[in-house]
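With PDB, C-alpha atoms inside, this is protein.pdb:
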```
ATOM      1  CA  MET A1289      -6.609  41.267 -23.658
ATOM      2  CA  LYS A1290      -3.813  43.818 -23.928
ATOM      3  CA  ARG A1291      -1.068  43.940 -21.296
ATOM      4  CA  PHE A1292      -1.390  40.173 -20.733
ATOM      5  CA  ILE A1293       0.947  37.407 -21.883
ATOM      6  CA  GLN A1294      -0.631  36.050 -25.033
ATOM      7  CA  GLY A1295      -0.749  32.405 -26.074
ATOM      8  CA  GLU A1296      -0.397  31.121 -29.619
ATOM      9  CA  CYS A1297      -3.326  30.296 -31.869
ATOM     10  CA  ARG A1298      -4.219  26.616 -31.679
ATOM     11  CA  GLY A1299      -4.627  26.430 -35.445
ATOM     12  CA  GLN A1300      -1.174  27.896 -36.149
ATOM     13  CA  SER A1301       1.258  25.429 -37.685
ATOM     14  CA  THR A1302       4.417  25.133 -35.576
ATOM     15  CA  LEU A1303       7.721  23.424 -36.315
ATOM     16  CA  LEU A1304       8.204  21.250 -33.214
ATOM     17  CA  PRO A1305      11.428  19.372 -32.412
ATOM     18  CA  GLU A1306      11.470  16.001 -34.147
ATOM     19  CA  SER A1307      13.109  14.208 -31.243
ATOM     20  CA  LEU A1308      11.468  13.482 -27.870
ATOM     21  CA  ASP A1309      14.896  13.824 -26.315
ATOM     22  CA  ASP A1310      14.732  17.579 -26.910
ATOM     23  CA  TYR A1311      11.754  17.822 -24.530
ATOM     24  CA  VAL A1312      13.492  16.120 -21.590
ATOM     25  CA  ALA A1313      15.944  18.243 -19.597
ATOM     26  CA  ASP A1314      19.438  16.903 -18.953
ATOM     27  CA  THR A1315      18.777  17.101 -15.216
ATOM     28  CA  SER A1316      15.424  15.273 -15.348
ATOM     29  CA  PRO A1317      15.132  12.315 -12.908
ATOM     30  CA  VAL A1318      13.736  10.125 -15.710
ATOM     31  CA  ARG A1319      17.219   9.947 -17.227
ATOM     32  CA  VAL A1320      18.496   8.438 -13.986
ATOM     33  CA  VAL A1321      15.594   5.972 -13.921
ATOM     34  CA  ASP A1322      16.338   4.950 -17.516
ATOM     35  CA  VAL A1323      20.027   4.231 -16.850
ATOM     36  CA  PHE A1324      19.351   2.545 -13.485
ATOM     37  CA  VAL A1325      16.777   0.080 -14.873
ATOM     38  CA  ASP A1326      18.792  -0.697 -17.997
ATOM     39  CA  GLU A1327      21.785  -1.712 -15.848
ATOM     40  CA  LEU A1328      19.756  -4.118 -13.656
ATOM     41  CA  ASP A1329      19.871  -7.869 -14.174
ATOM     42  CA  LEU A1330      16.097  -8.358 -14.146
ATOM     43  CA  GLY A1331      16.362 -12.118 -14.615
ATOM     44  CA  ARG A1332      18.523 -12.541 -11.513
ATOM     45  CA  LEU A1333      16.159 -10.323  -9.537
ATOM     46  CA  GLY A1334      13.289 -12.687 -10.379
ATOM     47  CA  PHE A1335      11.137 -10.705 -12.802
ATOM     48  CA  GLU A1336       8.704 -12.721 -14.886
ATOM     49  CA  GLY A1337       8.536 -12.466 -18.674
ATOM     50  CA  ILE A1338      12.246 -11.894 -19.338
ATOM     51  CA  VAL A1339      12.178 -14.617 -21.987
ATOM     52  CA  PRO A1340       9.350 -13.994 -24.470
ATOM     53  CA  ALA A1341       6.844 -16.735 -25.224
ATOM     54  CA  GLU A1342       7.158 -18.431 -28.604
ATOM     55  CA  THR A1343       3.428 -18.167 -29.268
ATOM     56  CA  GLY A1344       0.675 -15.689 -28.525
ATOM     57  CA  ARG A1345       0.618 -11.909 -28.546
ATOM     58  CA  PRO A1346       3.996 -10.197 -27.906
ATOM     59  CA  ALA A1347       4.319  -8.888 -24.351
ATOM     60  CA  TYR A1348       5.928  -5.772 -22.892
ATOM     61  CA  HIS A1349       9.456  -6.231 -21.587
ATOM     62  CA  PRO A1350       9.573  -6.038 -17.750
ATOM     63  CA  SER A1351      12.048  -3.145 -17.939
ATOM     64  CA  VAL A1352       9.405  -0.941 -19.597
ATOM     65  CA  LEU A1353       6.821  -1.692 -16.909
ATOM     66  CA  LEU A1354       9.410  -1.248 -14.155
ATOM     67  CA  LYS A1355      10.280   2.206 -15.484
ATOM     68  CA  ILE A1356       6.591   3.144 -15.410
ATOM     69  CA  TYR A1357       6.298   1.824 -11.850
ATOM     70  CA  ILE A1358       9.338   3.784 -10.630
ATOM     71  CA  TYR A1359       8.130   6.938 -12.417
ATOM     72  CA  GLY A1360       4.797   6.607 -10.622
ATOM     73  CA  TYR A1361       6.603   6.212  -7.298
ATOM     74  CA  LEU A1362       8.722   9.331  -7.865
ATOM     75  CA  ASN A1363       5.677  11.424  -8.841
ATOM     76  CA  ARG A1364       3.199  10.000  -6.282
ATOM     77  CA  ILE A1365       1.043   8.315  -8.920
ATOM     78  CA  GLN A1366      -0.231   5.110  -7.318
ATOM     79  CA  SER A1367      -3.219   4.254  -9.500
ATOM     80  CA  SER A1368      -2.566   1.988 -12.483
ATOM     81  CA  ARG A1369      -5.330   3.812 -14.370
ATOM     82  CA  ARG A1370      -3.583   7.155 -13.823
ATOM     83  CA  LEU A1371      -0.272   5.626 -14.945
ATOM     84  CA  GLU A1372      -2.000   4.445 -18.127
ATOM     85  CA  ARG A1373      -3.231   8.013 -18.695
ATOM     86  CA  GLU A1374       0.224   9.487 -18.007
ATOM     87  CA  ALA A1375       1.828   7.133 -20.533
ATOM     88  CA  GLN A1376      -0.520   8.546 -23.179
ATOM     89  CA  CYS A1377       0.047  12.263 -22.551
ATOM     90  CA  ASN A1378       3.175  12.774 -20.393
ATOM     91  CA  VAL A1379       6.196  13.660 -22.534
ATOM     92  CA  GLU A1380       8.725  12.427 -19.952
ATOM     93  CA  LEU A1381       6.996   9.055 -19.694
ATOM     94  CA  MET A1382       6.763   8.817 -23.491
ATOM     95  CA  TRP A1383      10.530   9.368 -23.618
ATOM     96  CA  LEU A1384      11.108   6.819 -20.860
ATOM     97  CA  THR A1385       9.047   4.058 -22.490
ATOM     98  CA  GLY A1386       9.701   4.830 -26.166
ATOM     99  CA  ARG A1387       6.046   5.844 -26.688
ATOM    100  CA  LEU A1388       4.757   2.511 -25.379
ATOM    101  CA  MET A1389       1.362   2.794 -23.662
ATOM    102  CA  PRO A1390       0.417  -0.323 -21.623
ATOM    103  CA  ASP A1391      -3.140  -0.521 -20.314
ATOM    104  CA  PHE A1392      -3.889  -0.279 -16.594
ATOM    105  CA  LYS A1393      -4.492  -4.023 -16.209
ATOM    106  CA  THR A1394      -1.024  -4.821 -17.537
ATOM    107  CA  ILE A1395       0.534  -2.327 -15.103
ATOM    108  CA  ALA A1396      -1.501  -3.668 -12.160
ATOM    109  CA  ASN A1397      -0.635  -7.301 -12.944
ATOM    110  CA  PHE A1398       3.066  -6.420 -13.201
ATOM    111  CA  ARG A1399       3.026  -4.993  -9.679
ATOM    112  CA  LYS A1400       1.016  -7.924  -8.365
ATOM    113  CA  ASP A1401       3.159 -10.653  -9.927
ATOM    114  CA  ASN A1402       6.605  -9.149  -9.230
ATOM    115  CA  GLY A1403       6.399  -7.916  -5.641
ATOM    116  CA  LYS A1404       9.481  -9.860  -4.486
ATOM    117  CA  ALA A1405      11.514  -8.736  -7.495
ATOM    118  CA  ILE A1406      10.566  -5.083  -6.954
ATOM    119  CA  ARG A1407      11.827  -5.351  -3.371
ATOM    120  CA  GLY A1408      15.087  -6.607  -4.866
ATOM    121  CA  VAL A1409      15.232  -3.450  -6.999
ATOM    122  CA  CYS A1410      14.916  -1.391  -3.812
ATOM    123  CA  ARG A1411      17.911  -3.244  -2.365
ATOM    124  CA  GLN A1412      19.903  -2.589  -5.534
ATOM    125  CA  PHE A1413      19.109   1.114  -5.194
ATOM    126  CA  VAL A1414      20.428   1.090  -1.621
ATOM    127  CA  VAL A1415      23.634  -0.590  -2.861
ATOM    128  CA  LEU A1416      23.996   2.146  -5.486
ATOM    129  CA  CYS A1417      23.601   4.806  -2.785
ATOM    130  CA  GLN A1418      26.350   3.078  -0.792
ATOM    131  CA  GLN A1419      28.697   3.139  -3.773
ATOM    132  CA  LEU A1420      27.982   6.840  -4.298
ATOM    133  CA  GLY A1421      28.781   7.552  -0.635
ATOM    134  CA  LEU A1422      25.344   8.922   0.192
ATOM    135  CA  PHE A1423      25.129   7.110   3.567
ATOM    136  CA  SER A1424      28.392   8.414   5.010
ATOM    137  CA  GLU A1425      26.890   9.987   8.157
ATOM    138  CA  ALA A1426      25.294   6.747   9.426
ATOM    139  CA  LEU A1427      22.331   8.611  10.934
ATOM    140  CA  VAL A1428      18.758   7.554  10.210
ATOM    141  CA  ALA A1429      15.282   8.613  11.303
ATOM    142  CA  ILE A1430      12.726   5.851  11.951
ATOM    143  CA  ASP A1431       8.971   6.332  11.758
ATOM    144  CA  GLY A1432       5.806   4.458  10.824
ATOM    145  CA  SER A1433       2.883   5.339   8.568
ATOM    146  CA  LYS A1434      -0.614   3.849   8.487
ATOM    147  CA  PHE A1435      -1.856   2.799   5.047
ATOM    148  CA  LYS A1436      -5.518   1.980   4.544
ATOM    149  CA  ALA A1437      -6.246  -1.445   3.053
ATOM    150  CA  VAL A1438      -8.875  -2.400   0.496
ATOM    151  CA  ASN A1439     -10.689  -4.224   3.292
ATOM    152  CA  ASN A1440     -13.717  -2.298   4.618
ATOM    153  CA  ARG A1441     -14.168  -2.028   8.387
ATOM    154  CA  ASP A1442     -17.402  -4.014   8.101
ATOM    155  CA  ARG A1443     -15.375  -6.882   6.633
ATOM    156  CA  ASN A1444     -12.942  -6.957   9.559
ATOM    157  CA  PHE A1445     -13.786  -8.903  12.722
ATOM    158  CA  THR A1446     -12.473  -9.036  16.255
ATOM    159  CA  SER A1447     -14.089 -10.903  19.148
ATOM    160  CA  ALA A1448     -15.728  -7.768  20.547
ATOM    161  CA  LYS A1449     -16.923  -6.590  17.131
ATOM    162  CA  LEU A1450     -18.351 -10.027  16.303
ATOM    163  CA  GLN A1451     -20.265 -10.280  19.581
ATOM    164  CA  ARG A1452     -21.652  -6.785  19.086
ATOM    165  CA  ARG A1453     -22.924  -7.593  15.590
ATOM    166  CA  MET A1454     -24.470 -10.866  16.728
ATOM    167  CA  ALA A1455     -26.253  -9.013  19.545
ATOM    168  CA  GLU A1456     -27.577  -6.450  17.055
ATOM    169  CA  ILE A1457     -28.950  -9.208  14.816
ATOM    170  CA  GLU A1458     -30.594 -10.962  17.772
ATOM    171  CA  SER A1459     -32.212  -7.680  18.750
ATOM    172  CA  SER A1460     -33.491  -7.178  15.190
ATOM    173  CA  ILE A1461     -34.947 -10.701  15.087
ATOM    174  CA  ASN A1462     -36.774 -10.126  18.371
ATOM    175  CA  ARG A1463     -38.121  -6.815  17.082
ATOM    176  CA  TYR A1464     -39.482  -8.465  13.924
ATOM    177  CA  LEU A1465     -41.058 -11.288  15.953
ATOM    178  CA  THR A1466     -42.852  -8.682  18.051
ATOM    179  CA  ALA A1467     -44.014  -6.993  14.839
ATOM    180  CA  LEU A1468     -45.395 -10.358  13.658
ATOM    181  CA  ASP A1469     -47.513 -10.638  16.802
ATOM    182  CA  THR A1470     -48.863  -7.142  16.134
ATOM    183  CA  ALA A1471     -49.629  -8.036  12.511
ATOM    184  CA  ASP A1472     -51.690 -11.068  13.598
ATOM    185  CA  ARG A1473     -54.159  -8.711  15.307
ATOM    186  CA  GLN A1474     -54.692  -6.626  12.154
ATOM    187  CA  GLU A1475     -57.064  -7.250   9.247
ATOM    188  CA  PRO A1476     -56.326 -10.574   7.439
ATOM    189  CA  ALA A1477     -55.341  -9.043   4.075
ATOM    190  CA  VAL A1478     -52.969  -6.473   5.615
ATOM    191  CA  ALA A1479     -51.638  -8.978   8.142
ATOM    192  CA  GLN A1480     -50.736 -11.525   5.447
ATOM    193  CA  VAL A1481     -48.716  -9.052   3.348
ATOM    194  CA  LYS A1482     -46.937  -7.662   6.398
ATOM    195  CA  ALA A1483     -46.255 -11.131   7.818
ATOM    196  CA  GLU A1484     -44.661 -12.328   4.559
ATOM    197  CA  ARG A1485     -42.378  -9.322   4.490
ATOM    198  CA  LEU A1486     -41.359  -9.828   8.121
ATOM    199  CA  HIS A1487     -40.733 -13.547   7.568
ATOM    200  CA  ASP A1488     -38.349 -12.688   4.719
ATOM    201  CA  LYS A1489     -36.437 -10.248   6.917
ATOM    202  CA  ILE A1490     -36.193 -12.787   9.742
ATOM    203  CA  ALA A1491     -34.894 -15.454   7.320
ATOM    204  CA  THR A1492     -32.240 -13.031   6.034
ATOM    205  CA  LEU A1493     -31.125 -12.209   9.563
ATOM    206  CA  LYS A1494     -30.900 -15.883  10.500
ATOM    207  CA  THR A1495     -28.728 -16.516   7.431
ATOM    208  CA  LYS A1496     -26.485 -13.633   8.474
ATOM    209  CA  MET A1497     -26.314 -15.021  12.002
ATOM    210  CA  GLN A1498     -25.177 -18.382  10.644
ATOM    211  CA  GLU A1499     -22.446 -16.664   8.613
ATOM    212  CA  LEU A1500     -21.241 -14.848  11.733
ATOM    213  CA  LYS A1501     -21.076 -18.146  13.647
ATOM    214  CA  GLU A1502     -18.879 -19.581  10.887
ATOM    215  CA  ILE A1503     -16.675 -16.489  11.097
ATOM    216  CA  GLU A1504     -16.485 -16.978  14.880
ATOM    217  CA  VAL A1505     -14.957 -20.433  14.337
ATOM    218  CA  GLN A1506     -12.311 -18.935  12.033
ATOM    219  CA  LEU A1507     -11.723 -16.108  14.499
ATOM    220  CA  ASN A1508     -10.984 -18.517  17.341
ATOM    221  CA  GLU A1509      -8.427 -20.299  15.156
ATOM    222  CA  ALA A1510      -6.616 -17.069  14.189
ATOM    223  CA  PRO A1511      -3.394 -16.432  16.179
ATOM    224  CA  ASP A1512      -4.204 -12.770  16.909
ATOM    225  CA  LYS A1513      -7.999 -13.321  17.176
ATOM    226  CA  GLN A1514      -8.694 -11.053  14.221
ATOM    227  CA  ILE A1515      -9.603 -11.736  10.591
ATOM    228  CA  SER A1516     -10.234  -9.642   7.476
ATOM    229  CA  LEU A1517     -12.363 -11.155   4.724
ATOM    230  CA  THR A1518     -11.345  -9.033   1.715
ATOM    231  CA  ASP A1519      -7.659  -8.474   2.514
ATOM    232  CA  PRO A1520      -6.564 -11.303   4.858
ATOM    233  CA  ASP A1521      -3.279  -9.615   5.845
ATOM    234  CA  ALA A1522      -4.879  -6.311   6.897
ATOM    235  CA  ARG A1523      -5.569  -5.589  10.574
ATOM    236  CA  SER A1524      -7.645  -3.095  12.523
ATOM    237  CA  MET A1525      -5.460  -0.332  13.973
ATOM    238  CA  LYS A1526      -6.008   2.629  16.222
ATOM    239  CA  THR A1527      -5.487   6.097  14.783
ATOM    240  CA  ARG A1528      -5.863   9.573  16.219
ATOM    241  CA  GLY A1529      -9.398   9.856  14.923
ATOM    242  CA  THR A1530     -11.193   6.569  14.389
ATOM    243  CA  GLY A1531      -9.907   3.058  13.812
ATOM    244  CA  MET A1532      -8.886   1.893  10.340
ATOM    245  CA  VAL A1533      -8.138  -1.434   8.686
ATOM    246  CA  GLY A1534      -4.725  -1.376   7.065
ATOM    247  CA  TYR A1535      -0.989  -1.745   7.531
ATOM    248  CA  ASN A1536       1.733  -0.061   9.533
ATOM    249  CA  VAL A1537       4.686   0.626   7.212
ATOM    250  CA  GLN A1538       7.981   1.181   9.027
ATOM    251  CA  ALA A1539      10.709   3.157   7.262
ATOM    252  CA  ALA A1540      14.254   4.208   8.096
ATOM    253  CA  VAL A1541      15.350   7.363   6.233
ATOM    254  CA  ASP A1542      18.870   8.740   5.781
ATOM    255  CA  ALA A1543      19.104  12.029   7.667
ATOM    256  CA  LYS A1544      21.297  13.848   5.111
ATOM    257  CA  HIS A1545      19.807  12.999   1.709
ATOM    258  CA  HIS A1546      16.365  11.795   2.910
ATOM    259  CA  LEU A1547      16.657   8.474   1.091
ATOM    260  CA  ILE A1548      14.706   5.459   2.335
ATOM    261  CA  VAL A1549      17.314   3.004   3.594
ATOM    262  CA  THR A1550      14.970   0.155   4.477
ATOM    263  CA  HIS A1551      11.281  -0.432   5.019
ATOM    264  CA  GLU A1552       9.021  -3.151   6.376
ATOM    265  CA  VAL A1553       5.249  -3.678   6.301
ATOM    266  CA  THR A1554       3.768  -4.839   9.623
ATOM    267  CA  ASN A1555       0.343  -5.684  10.987
ATOM    268  CA  ASP A1556       1.136  -4.228  14.411
ATOM    269  CA  GLY A1557      -0.576  -0.886  14.860
ATOM    270  CA  VAL A1558       1.835   0.155  17.654
ATOM    271  CA  ASP A1559       5.363   1.377  16.841
ATOM    272  CA  ARG A1560       6.771   0.565  20.268
ATOM    273  CA  ASP A1561       8.094  -2.900  19.294
ATOM    274  CA  GLN A1562       9.705  -1.906  15.978
ATOM    275  CA  LEU A1563      12.727   0.179  17.027
ATOM    276  CA  SER A1564      15.482  -2.428  17.338
ATOM    277  CA  SER A1565      14.346  -4.401  14.304
ATOM    278  CA  MET A1566      14.324  -1.360  11.996
ATOM    279  CA  ALA A1567      17.620  -0.026  13.383
ATOM    280  CA  LYS A1568      19.379  -3.355  12.767
ATOM    281  CA  GLN A1569      17.962  -3.585   9.242
ATOM    282  CA  ALA A1570      19.105  -0.030   8.514
ATOM    283  CA  ARG A1571      22.640  -0.741   9.729
ATOM    284  CA  GLU A1572      22.844  -3.865   7.596
ATOM    285  CA  ALA A1573      21.498  -2.063   4.525
ATOM    286  CA  MET A1574      23.942   0.828   4.908
ATOM    287  CA  GLY A1575      26.899  -1.489   5.492
ATOM    288  CA  VAL A1576      28.224   0.381   8.541
ATOM    289  CA  GLU A1577      29.387  -0.834  11.931
ATOM    290  CA  GLU A1578      28.162   2.125  13.990
ATOM    291  CA  LEU A1579      24.732   3.686  13.561
ATOM    292  CA  SER A1580      22.679   6.380  15.254
ATOM    293  CA  ALA A1581      18.898   6.356  14.993
ATOM    294  CA  VAL A1582      16.295   8.989  15.862
ATOM    295  CA  ALA A1583      12.628   8.188  16.571
ATOM    296  CA  ASP A1584       9.624   9.889  18.177
ATOM    297  CA  ARG A1585       8.156   9.138  21.599
ATOM    298  CA  GLY A1586       5.926   6.433  20.154
ATOM    299  CA  TYR A1587       8.997   4.165  19.974
ATOM    300  CA  PHE A1588      10.002   4.564  23.621
ATOM    301  CA  LYS A1589      10.301   1.133  25.242
ATOM    302  CA  GLY A1590      13.029   0.016  27.618
ATOM    303  CA  GLU A1591      13.481  -3.441  26.121
ATOM    304  CA  GLU A1592      13.865  -2.065  22.579
ATOM    305  CA  ILE A1593      16.363   0.610  23.660
ATOM    306  CA  LEU A1594      18.389  -2.031  25.533
ATOM    307  CA  ALA A1595      18.382  -4.290  22.454
ATOM    308  CA  CYS A1596      19.752  -1.421  20.358
ATOM    309  CA  HIS A1597      22.434  -0.676  22.964
ATOM    310  CA  GLU A1598      23.542  -4.317  23.041
ATOM    311  CA  ALA A1599      23.724  -4.302  19.234
ATOM    312  CA  GLY A1600      25.987  -1.226  19.281
ATOM    313  CA  ILE A1601      23.336   1.156  17.928
ATOM    314  CA  THR A1602      22.854   4.587  19.519
ATOM    315  CA  VAL A1603      19.211   5.670  19.646
ATOM    316  CA  PHE A1604      17.642   9.006  20.544
ATOM    317  CA  VAL A1605      14.028   8.608  21.693
ATOM    318  CA  PRO A1606      12.121  11.030  23.984
ATOM    319  CA  LYS A1607      10.316   9.573  26.975
ATOM    320  CA  THR A1608       6.539   9.284  26.849
TER     321      THR A1608
END
```
Go ahead and express the file in the form of structure tokens.
Amino acid sequence: MKRFIQGECRGQSTLLPESLDDYVADTSPVRVVDVFVDELDLGRLGFEGIVPAETGRPAYHPSVLLKIYIYGYLNRIQSSRRLEREAQCNVELMWLTGRLMPDFKTIANFRKDNGKAIRGVCRQFVVLCQQLGLFSEALVAIDGSKFKAVNNRDRNFTSAKLQRRMAEIESSINRYLTALDTADRQEPAVAQVKAERLHDKIATLKTKMQELKEIEVQLNEAPDKQISLTDPDARSMKTRGTGMVGYNVQAAVDAKHHLIVTHEVTNDGVDRDQLSSMAKQAREAMGVEELSAVADRGYFKGEEILACHEAGITVFVPKT
């Protein structure tokens, strides 16, 4: 092992720094997160659990869980289970939380129960960027990203998809009925076993057909003629490869510092109707009177460009 950089023996006693603060660099982003969260008025923003309960097991303060959430966002850690793991072994996160290690369920429930308040934190961050003069150029880039939902494609229904599945079930029932006729001409013992099995399959298919008819009633009542059973807000969208069930997240990003100025989650898989709405939201968030926005050809639509022009917003969009 000569001529290589050698590591230390694992059994060697080492005098480590006694303070966690010595492990975190002065320029680390976690120091900014710590100061930013500590200066927020979490009660006014609407976070739950600000006032501790008089009985029961003590809870984590929302500021601790918010710091974990923001740390996960900065480091692309979305899973609550991975955040739990990071809190147990990541030195920066130990410093940020004071060695507190919430379990994944606590982290997941915090995100689920405080969605509106977390959006308020995003607005406070935009206000801070305004005060620091980070949006001085008043130029943003607008684009959309598709995010897959929990809902499986088999649990999403449109009129065409529902009719296709009902036709497949009808075809299967007819095939099993034909197999029953064939079984009747076989030996009695074999025919009885086969007939019982086919009857069970036919009963299952009829039950499924009844469920699809109930879904058809709900589908006709839906405004956009589409429903998702697992995640009701998710919608089927076209992508470059195959279709997916999810959301279209629109974002406006500052062109100089690449900071997200505003964002909005939509169910519309096409970006063409989102230009004016996102541009107006970005101008309001940045607190400027004049704004220029850049978008790709997927946003080109005459009505949207005219709406931006009438609102005093200059847009740059290539023709399709």
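Interatomic distance, CA of Leu1353 in chain A against CA of Gly1403 in chain A: 12.9 Å.
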*Could you give me, as a PyMOL selection string, the residues within 10 Å of Ala1583 in chain A, counting only C-alpha atoms and dropping anything in the same chain fewer than 6 positions from it?*
chain A and resi 1428-1432+1540+1559+1563+1603-1606
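Nearest to Val1321 in chain A of all the residues A:Ser1351, A:Thr1527, A:Asn1555, A:Gln1538 is A:Ser1351, based on all atoms listed in the file.
Closest approach to Gln1514 in chain A from the set A:Asp1556, A:Asp1488, A:Asp1561, A:Glu1572 is made by A:Asp1556, with distances taken over all atoms listed in the file.
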*Do you know which residues are at most 10 Å from Phe1423 in chain A counting only C-alpha atoms, after dropping those on the same chain fewer than 2 positions away, and could you put them as a ChimeraX atom specification?*
/A:1414,1417-1421,1425-1428,1542-1547,1549,1573-1576
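Distances here use only C-alpha atoms; by that measure, the residue among A:Ala1396, A:Cys1377, A:Leu1517, A:Val1320 closest to Tyr1359 in chain A is A:Val1320.
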*Nearby residues (all atoms listed in the file) at most 7 Å from range 1386-1389 of chain A, same-chain spacing under 5 positions excluded, as a PyMOL selection string*: chain A and resi 1372+1375-1376
*Go ahead and find all residues with at least one atom no further than 9 Å from (-15.1, -12.6, 14.9) in the file's coordinates, using all atoms listed in the file; report them as a PyMOL selection string.*
chain A and resi 1444-1451+1500-1508+1513-1515
Applied to the shown file, which residues does the PyMOL selection byres ((chain A and resi 1318) around 8) return, written as a PDB file with C-alpha atoms, in the frame of the given file?
```pdb
ATOM      1  CA  SER A1316      15.424  15.273 -15.348  1.00  0.00           C
ATOM      2  CA  PRO A1317      15.132  12.315 -12.908  1.00  0.00           C
ATOM      3  CA  ARG A1319      17.219   9.947 -17.227  1.00  0.00           C
ATOM      4  CA  VAL A1320      18.496   8.438 -13.986  1.00  0.00           C
ATOM      5  CA  VAL A1321      15.594   5.972 -13.921  1.00  0.00           C
ATOM      6  CA  ASP A1322      16.338   4.950 -17.516  1.00  0.00           C
ATOM      7  CA  TYR A1359       8.130   6.938 -12.417  1.00  0.00           C
ATOM      8  CA  GLU A1380       8.725  12.427 -19.952  1.00  0.00           C
ATOM      9  CA  LEU A1381       6.996   9.055 -19.694  1.00  0.00           C
ATOM     10  CA  LEU A1384      11.108   6.819 -20.860  1.00  0.00           C
TER      11      LEU A1384
END
```
_Residue by residue, what does the PyMOL selection byres ((chain A and resi 1497) around 12) grab here? Present the result as a PyMOL selection string._
chain A and resi 1450-1461+1490-1496+1498-1504
_Evaluated on this file, the PyMOL selection byres ((chain A and resi 1371) around 9) picks out some residues - which ones are they, written as an MDAnalysis selection string?_
chainID A and resid 1356:1357 1359:1360 1365:1370 1372:1376 1390:1392 1395
*Which residue out of A:Asp1584, A:Asp1329, A:Glu1306, A:Glu1484 has the minimum interatomic distance to Gly1408 in chain A when only C-alpha atoms are used?*
A:Asp1329
*Which protein, DNA or RNA residues are at most 7 Å from (-2.1, -1.3, 19.6) in the file's coordinates when you count only C-alpha atoms, listed as number ranges by chain?*
A: 1525-1526, 1556-1558
